[in-house]
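A.B. asks: What follows is a single structure, and I will ask about it in a moment.
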Amino acid sequence: MTATEWKPTACNLCYANCGILARVDEETGRVIEKVKGDRAHPVSRGYLCNKASRINYYQNNRDRLNTPLRKRQDGTFEPVSWDTAIREVAARFAAIRDRHGGEKIFYYGGGGQGNHLGGTHALALRSALGIRYRSNALAQEKTGLAWMNTRMLGGSWHGDFHRCDVAIIVGKNPWQSNGMQRARVLMRDIGKDPQRTLIVLDPRVTETAELADIHLQVRPGTDVWCIMAILGYLAQHDLLDLEWISEHTVGNERILDQLQAVPVADYAEFAGLSLELVERAANAIGSTRKIALYEDLGVEMSPYSTLCSYLNILLFTLTGAFATEGGMHLVNGLVQMLAEGGSAPVADENGHEIGRRVTPVTGARIVSGLTPCNSISEEILTEHPDRFRAMLIESANPIHSLADAKRLREAVEALEFVVVIDVAMTETTELADYVLPASSQYEKFEATFFPSEFPDNFFHLRRPLMEPLPGTMEEAEIHARLVEALGVFDPGELDELKRAAERGLDDFAQAILPAMAETKVARHISYVLYRTLGPTLPYGAAAAAPLWGLCQRHVTSNADAVRAAGHDGEGLALGNALFQAIVENESGIIVSKNRVGDHTQWRMPDRRIQLGIGEMNDEIDTLSDYRLPERTDEFPLLLCAGERRSYTANTIIRDPRWMKSNNPASLATNPADARKYGLTDAGRARLVTRRGEATVLVELDERVPAGTISLPNGLGMHYPDANDERNRTGVYLNELTDIEDRDPWVGTPYHKHVRARLEAIA
Ligand SMILES: Nc1nc2c(c(=O)[nH]1)N[C@H]1C(S)=C(S)[C@@H](COP(=O)(O)OP(=O)(O)OC[C@H]3O[C@@H](n4cnc5c(=O)[nH]c(N)nc54)[C@H](O)[C@@H]3O)O[C@H]1N2
Ligand SMILES: Nc1nc2c(c(=O)[nH]1)N[C@H]1C(S)=C(S)[C@@H](COP(=O)(O)OP(=O)(O)OC[C@H]3O[C@@H](n4cnc5c(=O)[nH]c(N)nc54)[C@H](O)[C@@H]3O)O[C@H]1N2
Ligand code: SF4
Ligand SMILES: [Mo]
């Protein structure tokens, strides 16, 4: 096969979305043959991890869908035309809306690690159907953090890791999971530099922990005691920045009192740490205001998830490491992920939050507009009149990724109507009444809203590498056709806007602003932009049209920062210039440059950080009871259900042949436990939890502490072999997890803390 030229795009296997250059074969024009880092990408600058070279397993595989499917009475699928699928899907959703109300249709997904444009286009369809409740994977990891961020700081943050003195990595293994830009280089550089300190909290000796100056090898689930010990030590040794605290924060009295009272040595001991190591960490943190912190699943999917996020924010606010060079900064990109929107929190006199939106059946707290993932089946499997009746799922595989797969499957089967939009046949598409096949991320315009850098806010609009797989359609078009089938706009109603768009962005901007005053246009703006501005965009970038609105919004409050990034103009013209730069630039651009300490850092009333959070301060008072989910004789082990390894990528790649390592699917087990339970290296064992059991391949690994075991995430999917038999590789973890194991505040699952036992198999 001869090859075509290198084209810029991004790797979609984790949310770092590194810029890549990809080469497609000339013969078929469909195979991504070669991949290399794109040095022109402003933030990844050529960096790649080992996974990017394998994206063709995502692009081309035997599970790709190439026709809409409709379920027959007997449960099998039959192919139908797009016209039929669109007409029938729209009619059935409309019937449910008209009979039960649109709020009974639940929307799940909208984007994965590499694709968020589809979810943007769904906005108009959601409006047209009156959909009110929705969720996605963020509501099983980041909503506790988002709840704290909104109430304390008014937004989410990012550490200035490139310039920090102390880097704190809490419950994350960036060496394997990346997620931040150039993670391996960054971790290695900080670890090696004698002037800088890398602190890692992780029960396991991870690749990142091996690079650390201080590895706080906490006992699983005890991070809050460890962090309280550090904060207590800082308070009791006069290492907090009290002047900064009184100038920049409110509500700090109770927490400062609580920290004075921490029994530091006892808490360190309960966390399984030597007092000396905790003091070393505290002294490093107390010696600088250049502190960068990253928390991830190790603590977010463990007991005290939300409290841990609260304490992490205290680590960088009580030390004055906020809005300083080398410290922590509010993210201020084109799109604010997990932004709360709407009014400020309503609190009672004790600072307890009241009056927020909750789910219709169980009253679970909704954060950032997202229903807790662990509540979804409870909102369906009930006779309650307000239960969800139908689901629209796109770009997600919840039947595989959410806790207690069996129960969720039962719930989804109980719904009246289910539609899934995906590129591949998955555990979730199987349950659909209609499956709509999307073009892949390398066959259409695509973008993500994840990358968050400071001070440079970055955005990458990717162009397609190849033609869409015949039979597939991009989400923008799928959603637009559904909106049309629902008859939202009359034919010709948008003609004036279309003509304005043909005359150019300036005329379009002048025409759409008054049109936005009309609620119908405003509520369906993603559709309106796609059908009016979309067709006039160069390179066939119609699906990028909603970005025009995001650009205009970004410049209204960040004009100076946008100009600092080299975009010229005032008002609408500046927004137009920014949008044009995004469309023209194939490797991504800096959309705006913030300054240390500019107004975007201070979003709370009176520019003061709220340090007192009533629920969390109450929970802190319970820590002296040393409560953790109990391990029992029946379940003496703790399973980390979902460790990121060198060949895992959620469920983006289904073909197991993409994995190069020997035992990518094995259960990491400490040799002491293997002896205790009669297991051998490379032998098999039965893994049992309260909800299920699985056969596992045992791998002896000194780096997991005794009493804990660990399995990789994103495995256990079925995939057809050469004889078209569907087999599974590795363990389908969420057949072992339980929705009851969750954070009391926002329902985050305790996937890193699953009680289990192992039995030898003869
Ligand atoms: N290779 C790869 N990279 C990925 C992904 C992937 O599937 N594969 N997925 C992406 C996604 S969606 C996400 S959200 C991120 C997640 O990225 P990470 O959060 O880094 O991923 P995990 O490996 O699940 O968990 C991190 C660490 O938590 C530790 N841990 C377990 N229990 C505890 C505890 O009680 N306390 C502490 N402090 N740590 C604990 C584990 O030992 C593990 O090293 O990765 C992204 N990157
Ligand atoms: N037990 C356990 N469970 C976990 C985790 C864990 O650590 N342990 N980790 C959790 C985490 S952090 C996350 S983020 C979730 C991830 O879980 P999900 O949010 O469900 O996402 P993915 O597994 O990434 O699945 C993405 C789906 O999108 C499809 N897709 C890919 N490209 C496109 C496209 O262009 N268009 C459309 N329409 N579809 C596309 C893929 O085929 C796939 O079916 O898993 C979670 N589940
Ligand atoms: S860090 Fe993430 S985006 Fe970058 S190459 Fe690796 S998997 Fe792909
Ligand atoms: Mo995630």
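To be explicit about the labels: the chains of the structure tokens are called A, B, and onward in the order shown, and within each one the residues are counted from 1, while ligands get numbers from 1 in the order they are shown.
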Using DSSP on the backbone, list every residue of region 546-680 of chain A that comes out as strand (DSSP E), and give them as a list of chain:residue names.
C.D. replies: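 Selection result, strand (DSSP E) within region 546-680 of chain A: A:Ile589, A:Ile590, A:Val591, A:Ser592, A:Lys593, A:Ile609, A:Gln610, A:Leu637, A:Leu638, A:Leu639, A:Cys640, A:Ala641, A:Gly642, A:Glu643, A:Leu667, A:Ala668, A:Thr669.
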A.B. asks: Report the closest atom pair, with its distance in Å rounded to one decimal, for each residue of chain A that has an atom no farther than 10 Å from ligand 3; count only C-alpha atoms and all ligand atoms, sort by chain and then rising residue number, and write it as CSV.
C.D. replies:
```
residue,atom,partner,partner_atom_place_in_ligand_line,distance
A:Ala10,CA,ligand 3,3 (S),7.0
A:Cys11,CA,ligand 3,8 (Fe),4.4
A:Asn12,CA,ligand 3,3 (S),5.6
A:Leu13,CA,ligand 3,7 (S),4.4
A:Cys14,CA,ligand 3,2 (Fe),4.0
A:Tyr15,CA,ligand 3,3 (S),6.0
A:Ala16,CA,ligand 3,3 (S),4.6
A:Asn17,CA,ligand 3,3 (S),3.8
A:Cys18,CA,ligand 3,4 (Fe),4.2
A:Gly19,CA,ligand 3,4 (Fe),7.5
A:Ile20,CA,ligand 3,5 (S),8.0
A:Val35,CA,ligand 3,5 (S),9.8
A:Lys36,CA,ligand 3,5 (S),9.3
A:Gly37,CA,ligand 3,5 (S),8.1
A:Ser44,CA,ligand 3,4 (Fe),7.9
A:Gly46,CA,ligand 3,4 (Fe),9.5
A:Tyr47,CA,ligand 3,4 (Fe),7.0
A:Leu48,CA,ligand 3,5 (S),4.1
A:Cys49,CA,ligand 3,6 (Fe),4.0
A:Asn50,CA,ligand 3,6 (Fe),6.2
A:Lys51,CA,ligand 3,7 (S),5.1
A:Ala52,CA,ligand 3,5 (S),4.3
A:Ser53,CA,ligand 3,5 (S),7.8
A:Arg54,CA,ligand 3,8 (Fe),9.2
A:Ile55,CA,ligand 3,8 (Fe),8.6
A:Gln113,CA,ligand 3,3 (S),8.5
A:Gly114,CA,ligand 3,3 (S),8.3
A:Pro174,CA,ligand 3,1 (S),8.9
A:Trp175,CA,ligand 3,1 (S),8.9
A:Gln176,CA,ligand 3,1 (S),8.2
A:Ser177,CA,ligand 3,1 (S),7.2
A:Asn178,CA,ligand 3,1 (S),4.9
A:Gly179,CA,ligand 3,2 (Fe),6.4
A:Met180,CA,ligand 3,1 (S),7.7
A:Gln181,CA,ligand 3,1 (S),7.2
A:Arg182,CA,ligand 3,1 (S),7.0
A:Ala183,CA,ligand 3,1 (S),7.2
A:Arg184,CA,ligand 3,1 (S),8.6
A:Ser646,CA,ligand 3,7 (S),8.9
A:Tyr647,CA,ligand 3,7 (S),9.2
A:Thr648,CA,ligand 3,7 (S),9.1
A:Ala649,CA,ligand 3,7 (S),7.4
```
A.B. asks: Using only C-alpha atoms and all ligand atoms, determine which residues fall within 9 Å of ligand 4, then list them as a ChimeraX atom specification.
C.D. replies: /A:14-15,112-113,137-138,140-142,296-297,650
A.B. asks: Suppose we keep N, CA, C and O atoms; can you now write the selection as a compact mmCIF listing (two decimals), in the first residue's frame?
C.D. replies:
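Saved to part_24.txt:
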```
# COMPACT_ATOMS: atom_id res chain seq x y z
N CYS A 14 -7.39 9.09 25.29
CA CYS A 14 -7.63 9.63 26.63
C CYS A 14 -7.89 11.12 26.50
O CYS A 14 -7.69 11.70 25.43
N TYR A 15 -8.29 11.76 27.58
CA TYR A 15 -8.75 13.14 27.46
C TYR A 15 -7.61 14.16 27.33
O TYR A 15 -7.86 15.36 27.32
N GLY A 112 -17.17 11.27 24.41
CA GLY A 112 -16.23 10.41 25.13
C GLY A 112 -14.92 11.13 25.32
O GLY A 112 -14.88 12.35 25.50
N GLN A 113 -13.82 10.39 25.23
CA GLN A 113 -12.51 10.99 25.49
C GLN A 113 -12.09 11.94 24.36
O GLN A 113 -11.25 12.79 24.57
N ALA A 137 -20.56 10.18 31.97
CA ALA A 137 -19.56 9.55 32.84
C ALA A 137 -19.02 10.50 33.90
O ALA A 137 -18.54 10.05 34.95
N LEU A 138 -19.09 11.80 33.69
CA LEU A 138 -18.57 12.72 34.70
C LEU A 138 -19.32 12.57 36.02
O LEU A 138 -18.78 12.85 37.08
N GLN A 140 -19.98 9.93 37.48
CA GLN A 140 -19.48 8.82 38.28
C GLN A 140 -18.01 9.02 38.59
O GLN A 140 -17.30 8.10 38.92
N GLU A 141 -17.55 10.28 38.48
CA GLU A 141 -16.19 10.57 38.92
C GLU A 141 -16.05 12.00 39.44
O GLU A 141 -15.56 12.22 40.53
N LYS A 142 -16.51 13.00 38.68
CA LYS A 142 -16.12 14.37 38.98
C LYS A 142 -17.21 15.26 39.60
O LYS A 142 -16.97 16.44 39.80
N ASP A 296 -7.65 12.43 41.13
CA ASP A 296 -8.39 11.66 40.13
C ASP A 296 -9.06 10.45 40.80
O ASP A 296 -9.33 10.46 42.00
N LEU A 297 -9.28 9.41 40.01
CA LEU A 297 -10.20 8.35 40.42
C LEU A 297 -9.83 7.64 41.72
O LEU A 297 -10.71 7.16 42.42
N ASN A 650 -10.79 2.95 28.21
CA ASN A 650 -12.24 2.79 28.44
C ASN A 650 -12.75 1.71 27.50
O ASN A 650 -12.13 0.66 27.38
```
A.B. asks: Sorted by chain and rising residue number, which residues of region 301-398 of chain A lie within 7 Å of region 417-431 of chain A, and what are their closest atom pairs and distances in Å to one decimal, counting only C-alpha atoms, as CSV?
C.D. replies:
```
residue,atom,partner,partner_atom,distance
A:Ala390,CA,A:Phe417,CA,4.7
A:Met391,CA,A:Val418,CA,4.9
A:Leu392,CA,A:Val419,CA,5.0
A:Ile393,CA,A:Val420,CA,4.7
A:Glu394,CA,A:Ile421,CA,4.5
A:Ser395,CA,A:Asp422,CA,5.4
A:Asn397,CA,A:Thr428,CA,5.5
A:Pro398,CA,A:Thr428,CA,6.5
```
A.B. asks: I want to know what sits within 7 Å of region 129-134 of chain A, based on only C-alpha atoms, with residues of the same chain fewer than 4 positions away left out; could you give that as a list of chain:residue names?
C.D. replies: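 Listed by chain and then number, they are A:Ala94, A:Arg97, A:Gly102, A:Glu103, A:Ile105, A:Phe106, A:Tyr107, A:Tyr108, A:Leu125, A:Leu370, A:Thr371.
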A.B. asks: Just want the 8 Å neighbourhood of region 208-224 of chain A, counted on only C-alpha atoms, with same-chain residues fewer than 2 positions away dropped. Output as a compact mmCIF listing (two decimals) with N, CA and C atoms, in the first residue's frame.
C.D. replies:
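Heads up, here's the output in selection_34.txt:
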```txt
# COMPACT_ATOMS: atom_id res chain seq x y z
N ASN A 173 -2.49 7.99 38.48
CA ASN A 173 -1.23 7.45 37.96
C ASN A 173 -1.00 8.01 36.56
N PRO A 174 -0.54 9.28 36.47
CA PRO A 174 -0.43 9.93 35.16
C PRO A 174 0.48 9.18 34.19
N TRP A 175 1.42 8.39 34.72
CA TRP A 175 2.29 7.66 33.79
C TRP A 175 1.46 6.81 32.84
N MET A 187 6.14 14.35 34.76
CA MET A 187 6.36 13.63 36.02
C MET A 187 7.84 13.32 36.20
N ARG A 188 8.47 12.90 35.10
CA ARG A 188 9.89 12.56 35.20
C ARG A 188 10.71 13.80 35.55
N GLY A 191 10.13 14.85 39.20
CA GLY A 191 10.73 13.86 40.09
C GLY A 191 12.26 13.97 40.13
N LYS A 192 12.85 14.29 38.98
CA LYS A 192 14.32 14.33 38.92
C LYS A 192 14.92 15.61 39.48
N THR A 197 9.55 19.03 44.35
CA THR A 197 9.11 17.85 45.09
C THR A 197 7.86 17.26 44.45
N LEU A 198 7.93 15.98 44.12
CA LEU A 198 6.75 15.27 43.61
C LEU A 198 6.20 14.40 44.73
N ILE A 199 4.96 14.69 45.12
CA ILE A 199 4.30 13.93 46.19
C ILE A 199 3.17 13.11 45.56
N VAL A 200 3.16 11.82 45.82
CA VAL A 200 2.12 10.95 45.25
C VAL A 200 1.38 10.22 46.37
N LEU A 201 0.05 10.33 46.37
CA LEU A 201 -0.77 9.54 47.30
C LEU A 201 -1.36 8.38 46.53
N ASP A 202 -0.93 7.18 46.83
CA ASP A 202 -1.46 6.01 46.15
C ASP A 202 -1.08 4.78 46.96
N PRO A 203 -2.03 3.86 47.20
CA PRO A 203 -1.68 2.65 47.96
C PRO A 203 -0.72 1.75 47.19
N ARG A 204 -0.68 1.91 45.87
CA ARG A 204 0.09 1.02 45.02
C ARG A 204 1.39 1.70 44.64
N VAL A 205 2.44 0.93 44.41
CA VAL A 205 3.69 1.49 43.92
C VAL A 205 3.54 1.63 42.40
N THR A 206 2.94 2.72 41.96
CA THR A 206 2.69 2.91 40.53
C THR A 206 3.96 3.42 39.85
N CYS A 226 -5.03 11.13 55.86
CA CYS A 226 -3.69 11.58 55.47
C CYS A 226 -3.68 13.09 55.21
N ILE A 227 -4.64 13.56 54.43
CA ILE A 227 -4.64 14.99 54.08
C ILE A 227 -4.97 15.84 55.30
N MET A 228 -5.88 15.34 56.14
CA MET A 228 -6.16 16.07 57.39
C MET A 228 -4.91 16.14 58.26
N PHE A 270 -3.47 5.93 61.19
CA PHE A 270 -4.65 5.28 60.64
C PHE A 270 -4.56 5.19 59.12
N ALA A 271 -3.88 6.16 58.51
CA ALA A 271 -3.70 6.14 57.05
C ALA A 271 -2.57 5.20 56.64
N GLY A 272 -1.95 4.56 57.62
CA GLY A 272 -0.90 3.59 57.31
C GLY A 272 0.44 4.23 57.00
N LEU A 273 0.66 5.46 57.50
CA LEU A 273 1.87 6.20 57.14
C LEU A 273 2.70 6.53 58.37
N LEU A 277 7.11 10.73 57.50
CA LEU A 277 6.85 10.95 56.07
C LEU A 277 5.77 12.03 55.87
N VAL A 278 4.74 11.96 56.72
CA VAL A 278 3.67 12.97 56.63
C VAL A 278 4.26 14.35 56.92
N ARG A 280 7.32 15.31 56.45
CA ARG A 280 8.14 15.73 55.30
C ARG A 280 7.28 16.33 54.21
N ALA A 281 6.17 15.65 53.92
CA ALA A 281 5.26 16.16 52.89
C ALA A 281 4.71 17.52 53.30
N VAL A 299 -9.09 8.66 44.52
CA VAL A 299 -9.85 9.20 45.65
C VAL A 299 -11.30 9.50 45.28
N SER A 302 -13.55 6.44 45.77
CA SER A 302 -13.28 5.77 47.04
C SER A 302 -14.12 6.43 48.13
N PRO A 303 -14.20 5.79 49.31
CA PRO A 303 -14.97 6.38 50.41
C PRO A 303 -14.49 7.81 50.69
N TYR A 304 -15.39 8.67 51.13
CA TYR A 304 -15.11 10.08 51.42
C TYR A 304 -14.71 10.85 50.16
N LEU A 307 -15.59 14.63 50.33
CA LEU A 307 -14.79 15.26 51.38
C LEU A 307 -13.34 15.39 50.94
N CYS A 308 -12.85 14.38 50.27
CA CYS A 308 -11.47 14.42 49.80
C CYS A 308 -11.26 15.58 48.82
N LEU A 311 -10.96 18.68 50.83
CA LEU A 311 -9.65 18.83 51.49
C LEU A 311 -8.57 19.16 50.47
N LEU A 628 -14.70 3.25 58.13
CA LEU A 628 -14.49 2.86 56.72
C LEU A 628 -15.44 1.70 56.42
N HIS A 753 -12.70 0.60 45.59
CA HIS A 753 -12.83 0.12 46.97
C HIS A 753 -13.93 -0.93 47.04
```
A.B. asks: Which is closest to Thr288 (chain A) among A:Gly326, A:Pro705, A:Gly614, A:Pro79, if we use only C-alpha atoms?
C.D. replies: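 So, comparing all the options, the nearest one is A:Gly326.
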A.B. asks: Hey, could you make a per-residue contact list for region 231-289 of chain A against region 149-169 of chain A with 10 Å as the cut-off, showing the nearest pair of atoms and its distance in Å to one decimal, counting only C-alpha atoms, sorted by chain and number, as a Markdown table?
C.D. replies:
```
| residue | atom | partner | partner_atom | distance |
| --- | --- | --- | --- | --- |
| A:Thr249 | CA | A:Met152 | CA | 9.3 |
| A:Val250 | CA | A:Met152 | CA | 9.5 |
| A:Gly251 | CA | A:Met152 | CA | 10.0 |
| A:Ala281 | CA | A:Ile168 | CA | 9.5 |
| A:Ala284 | CA | A:Val166 | CA | 7.1 |
| A:Ile285 | CA | A:Val166 | CA | 6.6 |
| A:Gly286 | CA | A:Val166 | CA | 9.8 |
| A:Ser287 | CA | A:Val166 | CA | 9.3 |
| A:Thr288 | CA | A:Asp165 | CA | 7.0 |
| A:Arg289 | CA | A:Asp165 | CA | 8.1 |
```
A.B. asks: Write the residues of the preceding selection, restricted to N, CA and C atoms, as a PDB file, in the first residue's frame.
C.D. replies:
```pdb
ATOM      1  N   THR A 249     -10.402  34.917  51.594  1.00  0.00           N
ATOM      2  CA  THR A 249     -11.412  33.881  51.828  1.00  0.00           C
ATOM      3  C   THR A 249     -12.465  34.337  52.832  1.00  0.00           C
ATOM      4  N   VAL A 250     -13.598  33.634  52.821  1.00  0.00           N
ATOM      5  CA  VAL A 250     -14.599  33.813  53.879  1.00  0.00           C
ATOM      6  C   VAL A 250     -14.949  32.441  54.439  1.00  0.00           C
ATOM      7  N   GLY A 251     -15.600  32.450  55.584  1.00  0.00           N
ATOM      8  CA  GLY A 251     -16.081  31.194  56.176  1.00  0.00           C
ATOM      9  C   GLY A 251     -14.956  30.279  56.616  1.00  0.00           C
ATOM     10  N   ALA A 281       6.171  15.650  53.922  1.00  0.00           N
ATOM     11  CA  ALA A 281       5.260  16.158  52.892  1.00  0.00           C
ATOM     12  C   ALA A 281       4.714  17.525  53.304  1.00  0.00           C
ATOM     13  N   ALA A 284       7.277  20.292  52.959  1.00  0.00           N
ATOM     14  CA  ALA A 284       7.487  20.691  51.558  1.00  0.00           C
ATOM     15  C   ALA A 284       6.351  21.592  51.103  1.00  0.00           C
ATOM     16  N   ILE A 285       5.129  21.211  51.430  1.00  0.00           N
ATOM     17  CA  ILE A 285       3.957  21.994  51.016  1.00  0.00           C
ATOM     18  C   ILE A 285       3.961  23.361  51.706  1.00  0.00           C
ATOM     19  N   GLY A 286       4.342  23.372  52.976  1.00  0.00           N
ATOM     20  CA  GLY A 286       4.319  24.617  53.745  1.00  0.00           C
ATOM     21  C   GLY A 286       5.414  25.589  53.367  1.00  0.00           C
ATOM     22  N   SER A 287       6.357  25.163  52.539  1.00  0.00           N
ATOM     23  CA  SER A 287       7.509  26.015  52.245  1.00  0.00           C
ATOM     24  C   SER A 287       7.324  26.850  50.982  1.00  0.00           C
ATOM     25  N   THR A 288       6.181  26.740  50.290  1.00  0.00           N
ATOM     26  CA  THR A 288       6.051  27.421  48.998  1.00  0.00           C
ATOM     27  C   THR A 288       4.594  27.765  48.711  1.00  0.00           C
ATOM     28  N   ARG A 289       4.394  28.733  47.817  1.00  0.00           N
ATOM     29  CA  ARG A 289       3.041  28.963  47.293  1.00  0.00           C
ATOM     30  C   ARG A 289       2.929  28.435  45.867  1.00  0.00           C
TER      31      ARG A 289
END
```
A.B. asks: Among region 55-247 of chain A, which ones does DSSP assign to helix (DSSP H, G or I) (computed from the backbone)? Answer as a ChimeraX atom specification.
C.D. replies: /A:56-59,82-100,102-104,117-129,137-140,143-152,174-177,183-192,207-211,223-236,242-247
